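Here is the file my_file.cif (mmCIF, C-alpha atoms).
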```
data_entry
#
loop_
_atom_site.label_atom_id
_atom_site.label_comp_id
_atom_site.auth_asym_id
_atom_site.auth_seq_id
_atom_site.Cartn_x
_atom_site.Cartn_y
_atom_site.Cartn_z
CA MET A 1 -37.01 -12.80 34.16
CA LYS A 2 -34.37 -10.07 34.04
CA ILE A 3 -32.44 -11.73 36.87
CA LYS A 4 -32.58 -15.08 35.06
CA LYS A 5 -31.27 -13.54 31.83
CA PHE A 6 -28.51 -11.74 33.71
CA ASN A 7 -27.48 -14.95 35.48
CA GLN A 8 -27.40 -16.75 32.12
CA PHE A 9 -25.26 -13.96 30.67
CA ILE A 10 -22.76 -14.27 33.52
CA GLU A 11 -22.71 -18.06 33.21
CA ASP A 12 -22.12 -17.87 29.46
CA LYS A 13 -19.34 -15.35 29.96
CA VAL A 14 -17.58 -17.59 32.47
CA VAL A 15 -17.88 -20.62 30.20
CA LEU A 16 -16.65 -18.64 27.20
CA GLU A 17 -13.63 -17.29 29.06
CA SER A 18 -12.79 -20.74 30.43
CA LEU A 19 -12.96 -22.38 27.00
CA PHE A 20 -10.99 -19.55 25.44
CA GLN A 21 -8.19 -19.91 27.99
CA GLU A 22 -8.07 -23.68 27.42
CA TRP A 23 -7.88 -23.12 23.67
CA LYS A 24 -5.24 -20.40 24.06
CA GLU A 25 -2.92 -22.74 25.96
CA THR A 26 -2.65 -25.03 22.94
CA ALA A 27 -3.08 -22.46 20.13
CA ASN A 28 0.54 -21.23 20.18
CA LEU A 29 -0.50 -17.67 19.40
CA GLU A 30 2.97 -16.26 20.15
CA ASP A 31 4.43 -17.57 16.90
CA LEU A 32 1.46 -16.30 14.91
CA ILE A 33 1.68 -12.83 16.49
CA LYS A 34 5.40 -12.70 15.67
CA SER A 35 4.79 -13.72 12.05
CA LEU A 36 1.96 -11.21 11.63
CA ASN A 37 4.10 -8.39 13.00
CA GLU A 38 7.02 -9.26 10.74
CA SER A 39 4.90 -9.39 7.59
CA TYR A 40 2.84 -6.26 8.29
CA LEU A 41 5.41 -3.89 9.78
CA GLU A 42 6.58 -3.10 6.23
CA GLU A 43 3.10 -2.56 4.88
CA GLY A 44 4.20 0.42 2.79
CA LEU A 45 6.14 -1.71 0.32
CA GLU A 46 3.38 -1.85 -2.28
CA ASP A 47 4.07 -1.23 -5.92
CA LEU A 48 5.56 2.23 -6.42
CA GLU A 49 3.40 2.75 -9.48
CA ASP A 50 0.18 2.42 -7.46
CA GLU A 51 -1.18 5.97 -7.58
CA ASP A 52 -4.41 5.09 -5.76
CA ARG A 53 -2.86 3.78 -2.56
CA GLU A 54 -3.27 6.11 0.40
CA LEU A 55 0.13 7.10 1.78
CA THR A 56 0.97 6.42 5.39
CA SER A 57 1.63 9.44 7.65
CA GLY A 58 5.35 8.63 7.52
CA GLU A 59 5.37 8.54 3.73
CA LYS A 60 3.50 11.84 3.56
CA ALA A 61 6.04 13.47 5.86
CA ALA A 62 8.95 12.11 3.82
CA LEU A 63 7.36 13.25 0.57
CA ALA A 64 6.75 16.75 1.93
CA ARG A 65 10.40 16.94 3.05
CA ASP A 66 11.71 15.67 -0.30
CA PHE A 67 9.51 18.04 -2.25
CA GLN A 68 10.99 21.10 -0.56
CA ILE A 69 14.47 20.33 -1.92
CA LEU A 70 13.51 19.47 -5.50
CA THR A 71 15.07 21.82 -8.04
CA ASP A 72 13.19 23.66 -10.76
CA ALA A 73 14.95 21.49 -13.34
CA GLN A 74 13.79 18.28 -11.66
CA LEU A 75 10.26 19.64 -11.31
CA ALA A 76 10.22 20.62 -14.98
CA ALA A 77 10.97 17.04 -15.99
CA MET A 78 8.20 15.71 -13.78
CA TYR A 79 5.77 18.33 -15.04
CA LEU A 80 6.42 17.32 -18.66
CA ARG A 81 5.92 13.67 -17.74
CA ALA A 82 2.66 14.54 -15.98
CA LYS A 83 1.50 16.55 -18.98
CA GLU A 84 2.02 13.69 -21.42
CA LYS A 85 0.30 11.31 -18.99
CA ALA A 86 -2.67 13.67 -18.80
CA GLU A 87 -2.81 13.77 -22.59
CA GLU A 88 -2.18 10.00 -22.79
CA GLU A 89 0.73 10.51 -25.18
CA ASP A 90 3.76 8.87 -23.59
CA GLY A 91 7.05 10.36 -24.70
CA LYS A 92 5.52 13.45 -26.34
CA TYR A 93 7.36 15.83 -23.99
CA THR A 94 9.83 13.64 -22.09
CA ASN A 95 11.58 12.79 -25.36
CA MET A 96 12.36 16.49 -25.75
CA ILE A 97 14.65 16.40 -22.70
CA HIS A 98 18.28 16.21 -23.82
CA GLY A 99 20.09 13.18 -22.40
CA ILE A 100 16.98 11.27 -21.35
CA GLU A 101 17.52 8.59 -24.01
CA GLY A 102 19.65 6.31 -21.84
CA PHE A 103 16.94 6.06 -19.19
CA ILE A 104 14.03 5.20 -21.49
CA ASP A 105 12.86 1.58 -21.63
CA LYS A 106 11.13 0.59 -24.86
CA ASP A 107 8.37 -1.99 -24.48
CA LYS A 108 8.07 -5.09 -26.69
CA GLU A 109 6.46 -3.05 -29.46
CA GLY A 110 9.19 -0.42 -29.22
CA ALA A 111 6.88 2.19 -27.68
CA PHE A 112 8.11 4.78 -25.18
CA SER A 113 8.25 3.64 -21.55
CA ILE A 114 9.93 5.17 -18.52
CA SER A 115 9.23 4.16 -14.92
CA ALA A 116 9.17 6.53 -11.96
CA ALA A 117 12.40 4.90 -10.76
CA ALA A 118 14.12 5.41 -14.13
CA LEU A 119 13.03 9.05 -14.26
CA ALA A 120 14.27 9.49 -10.68
CA ASP A 121 17.70 8.23 -11.74
CA ALA A 122 17.61 10.40 -14.84
CA ILE A 123 17.06 13.63 -12.91
CA GLY A 124 18.95 12.81 -9.73
CA VAL A 125 16.09 12.21 -7.28
CA GLU A 126 16.78 9.45 -4.74
CA SER A 127 13.18 8.38 -4.19
CA ALA A 128 11.07 6.93 -7.00
CA ARG A 129 8.08 7.43 -4.72
CA THR A 130 8.74 11.19 -4.66
CA VAL A 131 8.86 11.28 -8.46
CA GLN A 132 5.72 9.18 -8.88
CA ARG A 133 3.64 11.20 -6.40
CA THR A 134 4.88 14.56 -7.69
CA ILE A 135 3.90 13.57 -11.21
CA SER A 136 0.49 12.58 -9.83
CA LYS A 137 0.10 16.01 -8.19
CA PHE A 138 1.00 17.81 -11.41
CA LYS A 139 -1.37 15.57 -13.36
CA ASN A 140 -4.23 16.42 -11.02
CA LEU A 141 -3.55 20.12 -11.48
CA ILE A 142 -3.35 19.76 -15.27
CA ASN A 143 -6.66 17.87 -15.33
CA GLY A 144 -8.29 20.43 -13.08
CA VAL A 145 -8.78 17.92 -10.28
CA GLY A 146 -6.70 19.82 -7.77
CA GLU A 147 -6.18 18.42 -4.29
CA THR A 148 -7.58 15.00 -3.38
CA SER A 149 -7.61 12.90 -0.21
CA GLY A 150 -4.67 10.93 -1.61
CA GLU A 151 -2.76 13.86 -3.09
CA SER A 152 -2.31 17.00 -1.01
CA LEU A 153 -0.90 20.04 -2.81
CA TYR A 154 1.86 22.18 -1.32
CA PRO A 155 2.15 25.94 -1.97
CA LYS A 156 5.41 25.35 -3.83
CA ILE A 157 3.87 22.97 -6.35
CA LYS A 158 0.91 25.28 -6.98
CA LYS A 159 3.26 28.20 -7.59
CA ILE A 160 5.57 26.28 -9.89
CA PHE A 161 2.59 24.81 -11.74
CA ASP A 162 1.34 28.31 -12.55
CA ILE A 163 4.76 29.18 -13.94
CA PHE A 164 5.21 25.95 -15.93
CA SER A 165 1.71 26.02 -17.41
CA SER A 166 2.49 29.36 -19.06
CA THR A 167 5.98 28.34 -20.27
CA LYS A 168 6.83 26.80 -23.64
CA ASP A 169 7.35 23.03 -23.55
CA SER A 170 10.66 23.40 -25.36
CA ASP A 171 11.90 25.83 -22.69
CA LEU A 172 10.82 23.43 -19.94
CA ALA A 173 12.63 20.59 -21.72
CA ASN A 174 15.80 22.69 -21.84
CA LEU A 175 15.43 23.43 -18.13
CA ALA A 176 14.81 19.75 -17.33
CA SER A 177 17.94 18.81 -19.30
CA GLU A 178 20.02 20.58 -16.63
CA ALA A 179 19.04 17.86 -14.14
CA ILE A 180 19.98 14.87 -16.32
CA GLN A 181 22.49 12.50 -14.73
CA ASP A 182 25.02 10.09 -16.20
CA VAL A 183 23.38 6.90 -17.53
CA SER A 184 25.40 4.85 -15.05
CA VAL A 185 23.20 6.13 -12.20
CA THR A 186 20.83 3.34 -11.13
CA THR A 187 20.24 4.22 -7.46
CA ALA A 188 16.44 4.54 -7.56
CA ARG A 189 15.97 1.57 -9.90
CA ASP A 190 18.12 -0.67 -7.72
CA ALA A 191 16.15 0.38 -4.63
CA HIS A 192 12.86 -0.18 -6.46
CA ALA A 193 13.93 -3.66 -7.59
CA ALA A 194 14.98 -4.63 -4.07
CA GLN A 195 11.76 -3.21 -2.67
CA GLY A 196 9.75 -5.16 -5.23
CA GLU A 197 11.40 -8.43 -4.21
CA ARG A 198 10.77 -7.66 -0.55
CA ALA A 199 7.14 -6.84 -1.32
CA LYS A 200 6.74 -10.24 -3.03
CA GLU A 201 8.23 -12.01 -0.01
CA LEU A 202 5.88 -10.14 2.32
CA SER A 203 2.89 -10.95 0.13
CA VAL A 204 3.68 -14.67 0.35
CA ALA A 205 4.22 -14.40 4.12
CA ARG A 206 0.89 -12.59 4.57
CA LYS A 207 -1.00 -15.27 2.67
CA GLU A 208 0.60 -17.99 4.77
CA ASN A 209 -0.18 -16.10 7.97
CA ASN A 210 -3.79 -15.59 6.90
CA VAL A 211 -4.16 -19.34 6.44
CA LYS A 212 -2.74 -19.91 9.93
CA LEU A 213 -5.02 -17.23 11.35
CA GLY A 214 -8.10 -18.69 9.66
CA GLU A 215 -7.19 -22.11 11.03
CA LYS A 216 -6.91 -20.67 14.57
CA VAL A 217 -10.35 -19.10 14.29
CA TYR A 218 -11.81 -22.37 13.00
CA SER A 219 -10.37 -24.35 15.90
CA LEU A 220 -11.76 -21.89 18.46
CA VAL A 221 -15.18 -21.89 16.76
CA ASN A 222 -15.23 -25.67 17.08
CA ALA A 223 -14.26 -25.44 20.75
CA LEU A 224 -17.15 -23.06 21.43
CA ARG A 225 -19.70 -24.59 19.10
CA GLY A 226 -21.00 -27.23 21.51
CA PRO A 227 -22.20 -24.99 24.33
CA PHE A 228 -23.06 -21.90 22.26
CA GLY A 229 -24.10 -23.00 18.78
CA LEU A 230 -22.45 -22.02 15.49
CA THR A 231 -23.51 -18.37 15.24
CA LYS A 232 -22.46 -17.34 18.73
CA ALA A 233 -19.35 -19.52 18.55
CA GLN A 234 -18.21 -17.82 15.33
CA ASN A 235 -18.91 -14.30 16.55
CA SER A 236 -17.29 -14.91 19.92
CA ALA A 237 -14.21 -16.55 18.38
CA ILE A 238 -13.68 -13.67 15.96
CA SER A 239 -14.17 -11.09 18.70
CA LYS A 240 -11.84 -12.81 21.20
CA ILE A 241 -9.04 -13.42 18.70
CA ALA A 242 -9.29 -9.87 17.31
CA LYS A 243 -8.90 -8.51 20.84
CA GLU A 244 -6.07 -10.91 21.67
CA LEU A 245 -4.10 -10.04 18.51
CA ASP A 246 -5.13 -6.36 18.46
CA LEU A 247 -6.51 -6.67 14.91
CA ASP A 248 -9.67 -5.49 13.17
CA PRO A 249 -12.45 -8.09 13.60
CA GLU A 250 -13.28 -7.69 9.90
CA TYR A 251 -9.74 -8.77 9.04
CA ILE A 252 -10.11 -11.83 11.31
CA LYS A 253 -13.45 -12.66 9.70
CA LYS A 254 -11.95 -12.39 6.21
CA ALA A 255 -9.06 -14.74 7.08
CA TYR A 256 -11.53 -17.20 8.61
CA LYS A 257 -13.79 -17.15 5.57
CA GLU A 258 -10.85 -17.61 3.19
CA TYR A 259 -9.69 -20.60 5.23
CA LEU A 260 -13.15 -22.18 5.10
CA LYS A 261 -13.31 -21.58 1.35
CA ASP A 262 -9.90 -23.17 0.83
CA LYS A 263 -10.93 -26.23 2.86
CA ASN A 264 -14.39 -26.49 1.24
CA LEU A 265 -16.00 -25.74 4.59
CA LEU A 266 -18.01 -22.66 3.69
CA SER A 267 -21.18 -24.42 4.87
CA ASP A 268 -19.81 -23.76 8.38
CA TYR A 269 -19.79 -20.01 7.80
CA VAL A 270 -22.56 -17.82 9.23
CA ASN A 271 -23.16 -14.39 7.68
#
```

Give the structure from the file, written as structure tokens.
Amino acid sequence: MKIKKFNQFIEDKVVLESLFQEWKETANLEDLIKSLNESYLEEGLEDLEDEDRELTSGEKAALARDFQILTDAQLAAMYLRAKEKAEEEDGKYTNMIHGIEGFIDKDKEGAFSISAAALADAIGVESARTVQRTISKFKNLINGVGETSGESLYPKIKKIFDIFSSTKDSDLANLASEAIQDVSVTTARDAHAAQGERAKELSVARKENNVKLGEKVYSLVNALRGPFGLTKAQNSAISKIAKELDLDPEYIKKAYKEYLKDKNLLSDYVN
């Protein structure tokens, strides 16, 4: 019995590999691989205001480097912004900084609003990401959260936090005022706007690529369905394509399921 099962396993493996190679010759995977690489190489272009997104190792290294050269005046401005965020009173402390007025964006109701990019321009920091994450670190310290998996704390920020937390807000605002730039500075906001447009383009490209990927999986499932049945065909197709494209099988499965849903073919999906 064991020999028979083993022989069947070998036979199935040969058939599967043969059908996969036949499918691969007409699947034109090269173009799909190229498109996937182009749309996912810049995966870090998510919204700068997303505090929950885990930073990549490269972003963490850049942030650590940037943080070491931030001045006390720049840090004071970010601390005050973090403090008003923690208290949920936008503008309470930032408005105390002399010269900040030209960088504040009022919302439709006229309420205080300043983006990380605008604050970066205001205090002369090139990266809006550095400003946003530093504010997040200060906010965690203010709220007693401390270090998290998404926000590591450097010795410098802990030390400066201890100093700032025992300093008058008005004195911190005066210190922060020393960092204020001319209102004509738009470096960080321009970069953020360009990054936002690129992120939108990549989002569209990813959706299109996911449709193509789901379609590829569906075609291979159909090629394997006859000799193996739906369940084995689906699992084998997902596994083979994941290995071929060097992608997570769960990602392949998700693209496949979304394709079936879009084409009203979910009855063909096996959990």

Considering only C-alpha atoms, give me a table of residues in region 78-118 of chain A that are at most 9 Å from region 173-185 of chain A, with the closest atom pair and distance in Å for each, as a Markdown table.
```
| residue | atom | partner | partner_atom | distance |
| --- | --- | --- | --- | --- |
| A:Met78 | CA | A:Ala176 | CA | 8.5 |
| A:Leu80 | CA | A:Ala173 | CA | 7.7 |
| A:Tyr93 | CA | A:Ala173 | CA | 7.5 |
| A:Thr94 | CA | A:Ala173 | CA | 7.5 |
| A:Asn95 | CA | A:Ala173 | CA | 8.7 |
| A:Met96 | CA | A:Ala173 | CA | 5.8 |
| A:Ile97 | CA | A:Ala173 | CA | 4.8 |
| A:His98 | CA | A:Ser177 | CA | 5.2 |
| A:Gly99 | CA | A:Ile180 | CA | 6.3 |
| A:Ile100 | CA | A:Ile180 | CA | 6.9 |
| A:Glu101 | CA | A:Val183 | CA | 8.9 |
| A:Gly102 | CA | A:Val183 | CA | 5.7 |
| A:Phe103 | CA | A:Val183 | CA | 6.7 |
```

Apply the PyMOL selection byres ((chain A and resi 158) around 12) to the displayed file and report the matching residues as a PyMOL selection string.
chain A and resi 75+79+134+137-142+146-147+152-157+159-165

Go through A:Asp90, A:Asp72, A:Glu84, A:Asp246 one by one, measure the shortest atom-to-atom distance of each to Ile123 (chain A) using only C-alpha atoms, and give the residue with the smallest value.
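Answer, going by the shortest atom-to-atom distance: A:Asp72.
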
Choose the residue, out of A:Ser239, A:Asp169, A:Ala117, A:Arg65, that has the smallest atom-to-atom separation from Gly196 (chain A); count all atoms listed in the file.
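Using all atoms listed in the file, the shortest distance to Gly196 (chain A) belongs to A:Ala117.
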
Using the chain letters and numbering of this document, enumerate as a ChimeraX atom specification the residues selected by the PyMOL selection byres ((chain A and resi 222) around 12).
/A:19-20,23,215-221,223-237,268-269

Per-axis box centre and lengths in Å around region 194-199 of chain A, 8 Å margin per side, axis-aligned, as lines of an AutoDock Vina configuration file:
```
center_x = 11.1
center_y = -5.8
center_z = -2.9
size_x = 23.8
size_y = 21.2
size_z = 20.7
```

Using all atoms listed in the file, find the one residue out of A:Glu89, A:Glu244, A:Glu208, A:Asp190 that sits nearest to Leu29 (chain A).
A:Glu244

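Closest approach to Ala128 (chain A) from the set A:Ile252, A:Val15, A:Ala116, A:Ile104 is made by A:Ala116, with distances taken over only C-alpha atoms.
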
Using Å and a single decimal, report how far CA of Glu197 (chain A) sits from CA of Arg81 (chain A).
26.5 Å

Straight-line distance linking CA of Lys92 (chain A) with CA of Ala193 (chain A), stated in Å to one decimal
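Between CA of Lys92 (chain A) and CA of Ala193 (chain A) the gap works out to 26.7 Å.
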
Pick the closest to Ser170 (chain A) from A:Ala76, A:Lys24, A:Ile33, A:Glu258: which is it, counting only C-alpha atoms?
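Ranked by minimum distance to Ser170 (chain A), first place goes to A:Ala76.
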
Which residue, A:Glu126, A:Glu88, A:Asp248, A:Asp31, has the smallest gap to Asn209 (chain A) when you use only C-alpha atoms?
A:Asp31

Running the PyMOL selection byres ((chain A and resi 251) around 12) on this model by hand, what would come out? Give it as JSON, numbers by chain.
{"A": [210, 213, 214, 217, 238, 239, 241, 242, 243, 245, 246, 247, 248, 249, 250, 252, 253, 254, 255, 256, 257, 258]}

For the atom pair CA of Leu265 (chain A) and CA of Glu22 (chain A), what is the interatomic distance in Å to one decimal place?
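The value is 24.3 Å.
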